[in-house]
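Shown here: final22.cif, mmCIF, C-alpha atoms.
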```cif
data_start
#
loop_
_atom_site.label_atom_id
_atom_site.label_comp_id
_atom_site.auth_asym_id
_atom_site.auth_seq_id
_atom_site.Cartn_x
_atom_site.Cartn_y
_atom_site.Cartn_z
CA MET E 918 0.00 0.00 0.00
CA ALA E 919 1.35 3.42 -0.99
CA THR E 920 2.27 5.88 1.75
CA SER E 921 -0.06 8.85 1.92
CA PRO E 922 1.22 12.45 1.81
CA ALA E 923 -0.19 12.92 5.30
CA HIS E 924 1.99 10.11 6.63
CA VAL E 925 5.06 11.60 4.96
CA LEU E 926 4.36 15.00 6.48
CA ALA E 927 3.77 13.48 9.91
CA PHE E 928 7.11 11.70 9.66
CA LEU E 929 8.94 14.85 8.59
CA ASP E 930 7.22 16.81 11.36
CA ARG E 931 8.62 14.35 13.90
CA LEU E 932 12.14 14.85 12.54
CA THR E 933 11.93 18.64 12.45
CA ASP E 934 9.82 19.60 15.45
CA GLY E 935 6.74 20.40 13.36
CA GLU E 936 8.47 21.89 10.31
CA GLY E 937 7.71 19.00 7.95
CA LYS E 938 5.85 21.05 5.35
CA ALA E 939 8.70 23.55 5.04
CA LEU E 940 11.23 20.73 4.87
CA LEU E 941 9.30 18.99 2.10
CA ALA E 942 9.25 22.21 0.08
CA ARG E 943 13.02 22.50 0.42
CA ILE E 944 13.54 18.88 -0.62
CA ASN E 945 11.37 19.35 -3.71
CA ASN E 946 13.44 22.31 -4.83
CA GLN E 947 15.53 21.11 -7.77
CA ASN E 948 18.52 23.08 -6.47
CA ALA E 949 18.27 21.60 -2.98
CA ASP E 950 21.52 20.66 -1.26
CA MET E 951 20.49 17.29 0.15
CA GLU E 952 23.69 16.84 2.14
CA ALA E 953 23.18 20.17 3.89
CA ILE E 954 19.53 19.38 4.61
CA ALA E 955 20.41 15.94 5.98
CA ARG E 956 23.08 17.42 8.26
CA GLU E 957 20.65 20.09 9.48
CA ILE E 958 18.07 17.43 10.38
CA ALA E 959 20.69 15.25 12.06
CA SER E 960 21.86 18.11 14.28
CA GLY E 961 18.36 19.29 15.19
CA ALA E 962 16.76 19.06 18.61
CA ALA E 963 14.05 16.62 17.48
CA VAL E 964 16.54 14.05 16.20
CA GLU E 965 18.69 14.48 19.31
CA GLU E 966 15.62 13.71 21.45
CA LEU E 967 14.77 10.64 19.36
CA THR E 968 18.35 9.42 19.55
CA LYS E 969 18.43 9.72 23.33
CA LEU E 970 15.07 7.96 23.66
CA ALA E 971 16.35 5.10 21.52
CA ARG E 972 19.67 4.76 23.33
CA THR E 973 18.52 5.20 26.91
CA GLY E 974 15.70 2.67 26.87
CA THR E 975 16.59 -0.47 28.87
CA VAL E 976 15.66 -3.47 26.74
CA SER E 977 17.35 -6.83 26.21
CA ASP E 978 19.17 -5.69 23.07
CA GLY E 979 20.26 -2.55 24.88
CA ILE E 980 21.94 -4.57 27.61
CA ALA E 981 23.89 -6.60 25.06
CA TRP E 982 24.86 -3.37 23.32
CA VAL E 983 26.80 -2.15 26.35
CA THR E 984 28.32 -5.47 27.50
CA GLN E 985 29.71 -6.95 24.28
CA ALA E 986 32.28 -5.60 21.86
CA ASN E 987 30.88 -4.58 18.48
CA TYR E 988 33.27 -5.79 15.78
CA ASP E 989 31.01 -4.72 12.93
CA TYR E 990 30.83 -1.17 14.30
CA VAL E 991 34.59 -0.77 13.84
CA GLY E 992 34.59 -2.42 10.43
CA LEU E 993 35.86 -5.90 11.28
CA PRO E 994 34.38 -9.08 9.79
CA PRO E 995 32.32 -11.49 11.96
CA GLU E 996 35.12 -14.07 12.10
CA ALA E 997 37.34 -11.58 13.97
CA ALA E 998 35.18 -12.09 17.06
CA ASP E 999 36.22 -15.76 17.16
CA CYS E 1000 39.95 -14.98 17.23
CA ASP E 1001 42.28 -14.59 20.16
CA PHE E 1002 43.80 -11.12 20.25
CA LYS E 1003 47.24 -12.02 18.86
CA SER E 1004 45.77 -13.87 15.89
CA GLY E 1005 43.24 -11.10 15.39
CA PHE E 1006 45.93 -8.43 15.48
CA ASP E 1007 48.07 -10.21 12.90
CA THR E 1008 45.13 -11.15 10.65
CA PHE E 1009 42.75 -8.20 10.87
CA LEU E 1010 44.39 -5.21 12.56
CA ARG E 1011 48.03 -4.84 11.50
CA ASP E 1012 47.31 -4.00 7.85
CA ARG E 1013 44.59 -1.55 8.87
CA LEU E 1014 46.82 0.36 11.28
CA GLY E 1015 49.26 1.78 8.73
CA LYS E 1016 51.84 4.03 10.38
CA ARG E 1017 50.81 2.88 13.87
CA ALA E 1018 51.14 -0.87 13.24
CA ASP E 1019 54.65 -1.29 14.68
CA GLY E 1020 53.94 0.97 17.64
CA PHE E 1021 50.87 -0.99 18.70
CA ALA E 1022 52.69 -4.30 18.13
CA THR E 1023 55.40 -3.07 20.52
CA ILE E 1024 52.82 -2.03 23.11
CA PHE E 1025 51.07 -5.39 23.17
CA GLU E 1026 54.31 -7.35 23.29
CA ALA E 1027 55.40 -5.28 26.30
CA LEU E 1028 52.00 -5.69 27.95
CA ASP E 1029 52.35 -9.47 27.88
CA ARG E 1030 54.60 -9.15 30.95
CA HIS E 1031 51.70 -7.81 33.00
CA GLU E 1032 49.05 -9.98 34.63
CA ALA E 1033 45.48 -8.64 34.41
CA PRO E 1034 46.70 -5.38 32.86
CA PHE E 1035 45.13 -2.08 33.86
CA ILE E 1036 45.15 0.21 30.81
CA ILE E 1037 44.46 3.96 30.99
CA GLU E 1038 43.88 5.97 27.83
CA THR E 1039 43.30 9.67 27.28
CA GLY E 1040 41.51 10.53 24.05
CA CYS E 1041 39.27 7.64 23.03
CA LEU E 1042 38.07 6.08 19.79
CA ARG E 1043 36.31 8.88 17.89
CA VAL E 1044 35.18 7.72 14.46
CA PRO E 1045 34.42 4.02 13.99
CA ARG E 1046 36.30 2.23 11.19
CA ASN E 1047 38.91 5.00 11.02
CA TRP E 1048 41.80 2.59 11.57
CA ASP E 1049 44.48 4.38 9.59
CA GLY E 1050 43.33 7.80 10.78
CA ASP E 1051 43.35 7.28 14.56
CA GLY E 1052 44.06 3.61 15.24
CA GLN E 1053 40.80 2.67 17.04
CA SER E 1054 42.99 2.28 20.12
CA THR E 1055 40.15 1.88 22.63
CA PHE E 1056 38.76 -1.11 20.77
CA GLN E 1057 42.20 -2.71 20.58
CA PHE E 1058 42.80 -2.25 24.31
CA ASP E 1059 39.32 -3.64 25.08
CA TRP E 1060 39.96 -6.76 22.98
CA TYR E 1061 43.37 -7.32 24.57
CA ALA E 1062 42.11 -6.74 28.12
CA ARG E 1063 39.19 -9.16 27.70
CA GLN E 1064 41.61 -11.93 26.82
CA ARG E 1065 44.04 -11.09 29.65
CA GLN E 1066 41.44 -10.51 32.39
CA GLY E 1067 42.38 -6.86 32.46
CA ARG E 1068 40.44 -3.61 32.40
CA VAL E 1069 40.48 -0.40 30.41
CA LEU E 1070 39.65 3.13 31.48
CA THR E 1071 39.39 5.76 28.76
CA ILE E 1072 38.97 9.50 29.33
CA ASP E 1073 37.69 12.07 26.86
CA VAL E 1074 36.14 15.52 27.09
CA ASN E 1075 34.01 15.03 23.96
CA PRO E 1076 30.66 13.23 24.52
CA GLN E 1077 30.49 12.11 20.90
CA SER E 1078 33.84 10.33 21.23
CA ILE E 1079 32.74 8.72 24.48
CA ASP E 1080 29.60 7.49 22.73
CA SER E 1081 31.69 5.91 19.96
CA ALA E 1082 33.92 4.14 22.48
CA ARG E 1083 30.91 2.82 24.38
CA ARG E 1084 29.32 1.48 21.23
CA ALA E 1085 32.54 -0.23 20.14
CA CYS E 1086 33.75 -1.76 23.39
CA SER E 1087 32.66 -4.32 25.94
CA SER E 1088 32.01 -3.80 29.63
CA VAL E 1089 35.71 -4.41 30.28
CA THR E 1090 36.14 -0.76 29.24
CA SER E 1091 34.91 2.10 31.42
CA THR E 1092 34.55 5.60 30.00
CA ILE E 1093 34.92 8.93 31.79
CA LEU E 1094 33.60 12.13 30.23
CA ASN E 1095 35.86 14.75 31.77
CA ASP E 1096 39.11 16.69 31.45
CA SER E 1097 41.98 14.20 31.30
CA VAL E 1098 44.40 16.12 33.53
CA ALA E 1099 41.91 16.51 36.36
CA THR E 1100 40.76 12.91 36.02
CA LEU E 1101 44.26 11.41 36.05
CA HIS E 1102 45.07 13.41 39.17
CA ALA E 1103 41.87 12.20 40.85
CA LEU E 1104 42.54 8.56 39.93
CA GLY E 1105 45.99 8.74 41.44
CA ALA E 1106 44.70 10.45 44.58
CA THR E 1107 42.20 7.63 45.18
CA GLY E 1108 44.94 5.01 45.10
CA MET E 1109 43.92 3.45 41.80
CA GLY E 1110 46.79 1.81 39.99
CA PRO E 1111 49.50 1.35 39.11
CA ALA E 1112 48.71 1.15 35.42
CA ALA E 1113 50.30 -1.39 33.10
CA LEU E 1114 49.88 1.07 30.20
CA ILE E 1115 49.14 4.77 29.99
CA TYR E 1116 48.32 5.83 26.42
CA LEU E 1117 48.23 9.61 25.95
CA ASP E 1118 46.40 10.91 22.88
CA SER E 1119 43.91 13.52 24.05
CA PHE E 1120 44.85 16.88 22.54
CA ASP E 1121 45.01 17.16 18.74
CA LEU E 1122 48.37 18.16 17.30
CA ASP E 1123 48.42 21.43 15.36
CA LEU E 1124 51.33 21.19 12.91
CA ASP E 1125 51.58 24.99 12.80
CA ASN E 1126 51.56 25.33 16.59
CA PRO E 1127 52.51 22.04 18.29
CA MET E 1128 53.37 23.46 21.71
CA PRO E 1129 49.83 23.57 23.22
CA SER E 1130 49.42 19.84 22.58
CA ALA E 1131 52.92 19.10 23.91
CA ILE E 1132 52.22 21.09 27.09
CA HIS E 1133 48.90 19.34 27.63
CA HIS E 1134 50.47 15.90 27.39
CA ALA E 1135 53.22 16.95 29.81
CA MET E 1136 50.47 18.03 32.22
CA GLU E 1137 48.83 14.63 31.79
CA LEU E 1138 52.07 12.88 32.70
CA MET E 1139 52.44 15.02 35.84
CA ALA E 1140 48.82 14.31 36.78
CA ALA E 1141 49.39 10.56 36.30
CA ARG E 1142 52.55 10.39 38.44
CA ARG E 1143 50.87 8.25 41.14
CA LEU E 1144 49.61 5.83 38.50
CA LEU E 1145 53.16 5.02 37.37
CA ALA E 1146 55.39 2.26 38.71
CA PRO E 1147 58.49 0.41 37.54
CA GLY E 1148 57.40 -1.50 34.43
CA THR E 1149 54.57 0.85 33.47
CA ILE E 1150 54.44 1.36 29.70
CA LEU E 1151 53.83 4.87 28.44
CA CYS E 1152 52.92 5.77 24.87
CA ILE E 1153 52.26 9.06 23.12
CA ASP E 1154 50.64 9.15 19.68
CA ASP E 1155 51.59 11.59 16.89
CA PHE E 1156 55.23 11.76 17.94
CA ASP E 1157 57.27 11.73 14.73
CA VAL E 1158 54.97 13.55 12.31
CA ALA E 1159 56.07 15.12 9.02
CA PRO E 1160 57.07 17.85 8.46
CA LEU E 1161 57.77 18.50 12.17
CA GLY E 1162 59.96 15.47 12.76
CA PRO E 1163 60.38 13.87 16.23
CA GLY E 1164 58.57 15.58 19.09
CA GLY E 1165 54.97 16.32 18.22
CA LYS E 1166 52.61 15.67 21.11
CA GLY E 1167 55.47 14.17 23.10
CA LEU E 1168 58.06 16.92 22.75
CA ILE E 1169 58.22 17.77 26.47
CA VAL E 1170 57.43 14.28 27.78
CA ASP E 1171 60.25 12.83 25.68
CA ARG E 1172 62.83 15.16 27.24
CA PHE E 1173 61.62 14.39 30.76
CA LEU E 1174 61.59 10.62 30.29
CA ASP E 1175 65.05 10.74 28.76
CA THR E 1176 66.28 12.63 31.83
CA ILE E 1177 64.96 10.00 34.25
CA GLY E 1178 66.30 7.11 32.17
CA ALA E 1179 63.05 5.56 30.94
CA GLU E 1180 63.62 2.72 28.48
CA VAL E 1181 62.66 3.52 24.88
CA LEU E 1182 60.83 0.53 23.39
CA TYR E 1183 59.85 2.11 20.08
CA SER E 1184 60.13 5.47 18.34
CA GLY E 1185 58.22 6.33 15.20
CA TYR E 1186 54.79 7.79 14.59
CA GLN E 1187 54.18 6.74 18.19
CA LYS E 1188 56.79 6.67 20.93
CA VAL E 1189 56.73 3.96 23.59
CA TRP E 1190 58.70 3.90 26.85
CA ARG E 1191 58.89 1.63 29.87
CA ILE E 1192 59.40 3.24 33.25
CA SER E 1193 62.59 1.93 34.82
CA ALA E 1194 62.97 0.60 38.34
#
```
Show me this structure written as structure tokens.
Amino acid sequence: MATSPAHVLAFLDRLTDGEGKALLARINNQNADMEAIAREIASGAAVEELTKLARTGTVSDGIAWVTQANYDYVGLPPEAADCDFKSGFDTFLRDRLGKRADGFATIFEALDRHEAPFIIETGCLRVPRNWDGDGQSTFQFDWYARQRQGRVLTIDVNPQSIDSARRACSSVTSTILNDSVATLHALGATGMGPAALIYLDSFDLDLDNPMPSAIHHAMELMAARRLLAPGTILCIDDFDVAPLGPGGKGLIVDRFLDTIGAEVLYSGYQKVWRISA
């Protein structure tokens, strides 16, 4: 049975807070920019309300959604879910990770020394399936921690990024929507830790002005001082980035860790250290 114009208008009204007729007129305009219209609808208050209603309802599927990792959401095939992490990394992740492949391989090899690893990350998975762009680190840590009876805590100030991480990861991963420096300080003050890995990637690097990002990551390291112990692995993303060369987000942290004799495990697009005894 064909849909009536009244039903179409009612549907558009629900998406636009009663502006369905005006929206339909815009859509029917032969010069209409459909991408712009779609984005306007998606960012509107009515769609935000519908999204929250859909995601905050407690139903059986909703419970599964927040307790199991979602491999499809991050662009992995169904068979990846049946793999152990090492096999999955070699088969499905390494080729997707591009410039970060060797850095992450180093991290996970170093983590194997830790029982039930506690992993802390600042700056979480933002855009699902964006493996080469940002590494989908939160999903990787979640997968690894599930296999090793560990846990992951990821901190981000952006609610959209937190939402992506929650959708991708299992209940092994906890998310905190807050400033990373304040949160790391609070975690240390409560006696949580030490961490097996601290992965710092929270403040985007501006190639024309890298110092604000470098300062922020140095502040994160200071805030995390009580979460560090001999053997803790520390990684900073966007370290050796063209055309800047070595430094990037880790410019200040690198100089400090060199001064205290931290062991360099890897240096490339990411830099990985192990805190010495």
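Using all atoms listed in the file, the shortest contact distance between Tyr1186 of chain E and any of E:Leu1122, E:Phe1002, E:His1134, E:Asp1019 is found at E:Asp1019.
Picture a line from atom CA of Ala927 of chain E to atom CA of Ala949 of chain E; it runs 21.0 Å.
Distance annotation: of E:Leu1028, E:Leu1094, E:Ala986, E:Ala997, the residue with the minimal separation from Thr1055 of chain E is E:Ala986; atom set is only C-alpha atoms.
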Who sits within 10 Å of Gln1077 of chain E, all atoms listed in the file, same chain under 3 positions skipped, as an MDAnalysis selection string: chainID E and resid 1042:1044 1073:1074 1080:1083 1094
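Minimum atom-to-atom distance to Ala963 of chain E, evaluated using only C-alpha atoms, belongs to E:Leu932 out of E:Ala1146, E:Leu1182, E:Leu1161, E:Leu932.
Of note, atom CA of Thr968 of chain E and atom CA of Ser921 of chain E are spaced 25.5 Å apart.
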With distances taken over all atoms listed in the file, which residue among E:Pro994, E:Gly1005, E:Gly1040, E:Gly937 lies nearest Pro1076 of chain E? E:Gly1040
Where does segment 1041-1119 of chain E meet segment 1166-1170 of chain E within 10 Å, residue by residue, with the nearest atom pair and distance in Å to one decimal for each, counting all atoms listed in the file, listed by chain and rising number, as a tab-separated table?
```
residue	atom	partner	partner_atom	distance
E:Leu1117	CA	E:Lys1166	CA	8.9
E:Asp1118	CA	E:Lys1166	CA	8.0
E:Ser1119	CA	E:Lys1166	CA	9.4
```
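The protein and nucleic acid residues lying at most 8 Å from Phe1056 of chain E are Ala986, Leu1042, Gln1053, Ser1054, Phe1058, Asp1059, Trp1060, Ala1082, Ala1085 and Cys1086 of chain E, with only C-alpha atoms considered and sequence neighbours fewer than 2 positions away removed.
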Output the selection as a JSON list (two decimals), in the frame of the given file - C-alpha atoms for each residue.
```json
[["chain", "number", "residue", "atom", "x", "y", "z"],
["E", 986, "ALA", "CA", 32.28, -5.60, 21.86],
["E", 1042, "LEU", "CA", 38.07, 6.08, 19.79],
["E", 1053, "GLN", "CA", 40.80, 2.67, 17.04],
["E", 1054, "SER", "CA", 42.99, 2.28, 20.12],
["E", 1058, "PHE", "CA", 42.80, -2.25, 24.31],
["E", 1059, "ASP", "CA", 39.32, -3.64, 25.08],
["E", 1060, "TRP", "CA", 39.96, -6.76, 22.98],
["E", 1082, "ALA", "CA", 33.92, 4.14, 22.48],
["E", 1085, "ALA", "CA", 32.54, -0.23, 20.14],
["E", 1086, "CYS", "CA", 33.75, -1.76, 23.39]]
```
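Straight-line separation from atom CA of Ile1177 of chain E to atom CA of Asp1051 of chain E: 29.4 Å.
Here the PyMOL selection byres ((chain E and resi 1180) around 6) captures the residues E:Ala1179, E:Val1181, E:Trp1190, E:Arg1191.
Across E:Leu993, E:Ala998, E:Ala1027, E:Leu1101, the tightest approach to Leu1010 of chain E is made by E:Leu993 when counting only C-alpha atoms.
Distance check against Ser1088 of chain E using only C-alpha atoms: of E:Gln985, E:Gly961, E:Gly1165, E:Arg1142, the minimum falls on E:Gln985.
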When you look at Gly1015 of chain E with a cut-off of 10 Å (counting only C-alpha atoms), what residues show up, excluding the ones that are within fewer than 2 positions of it in the same chain? I need them as number ranges by chain. E: 1010-1013, 1017-1019, 1048-1052
Neighbour list for Leu1145 of chain E as a PyMOL selection string, cut-off 8 Å, all atoms listed in the file, skip fewer than 5 positions in-chain: chain E and resi 1110-1112+1192
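Surrounding residues of (46.7, 4.5, 41.7) at most 12 Å away are Phe1035, Ile1036, Ile1037, Thr1100, Leu1101, His1102, Ala1103, Leu1104, Gly1105, Ala1106, Thr1107, Gly1108, Met1109, Gly1110, Pro1111, Ala1112, Ala1113, Ile1115, Ala1140, Ala1141, Arg1142, Arg1143, Leu1144, Leu1145, Ala1146 and Thr1149 of chain E (based on only C-alpha atoms).
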Find the residues around Ala955 of chain E up to 12 Å (all atoms listed in the file counted), leave out those fewer than 5 positions away in its own chain, and share them as a ChimeraX atom specification. /E:929,932-933,940,943-944,949-950,960-961,964
Where does the PyMOL selection byres ((chain E and resi 1125) around 12) land in this file, that is, which residues does it pick, as a PyMOL selection string? chain E and resi 1121-1124+1126-1130+1158-1161+1165
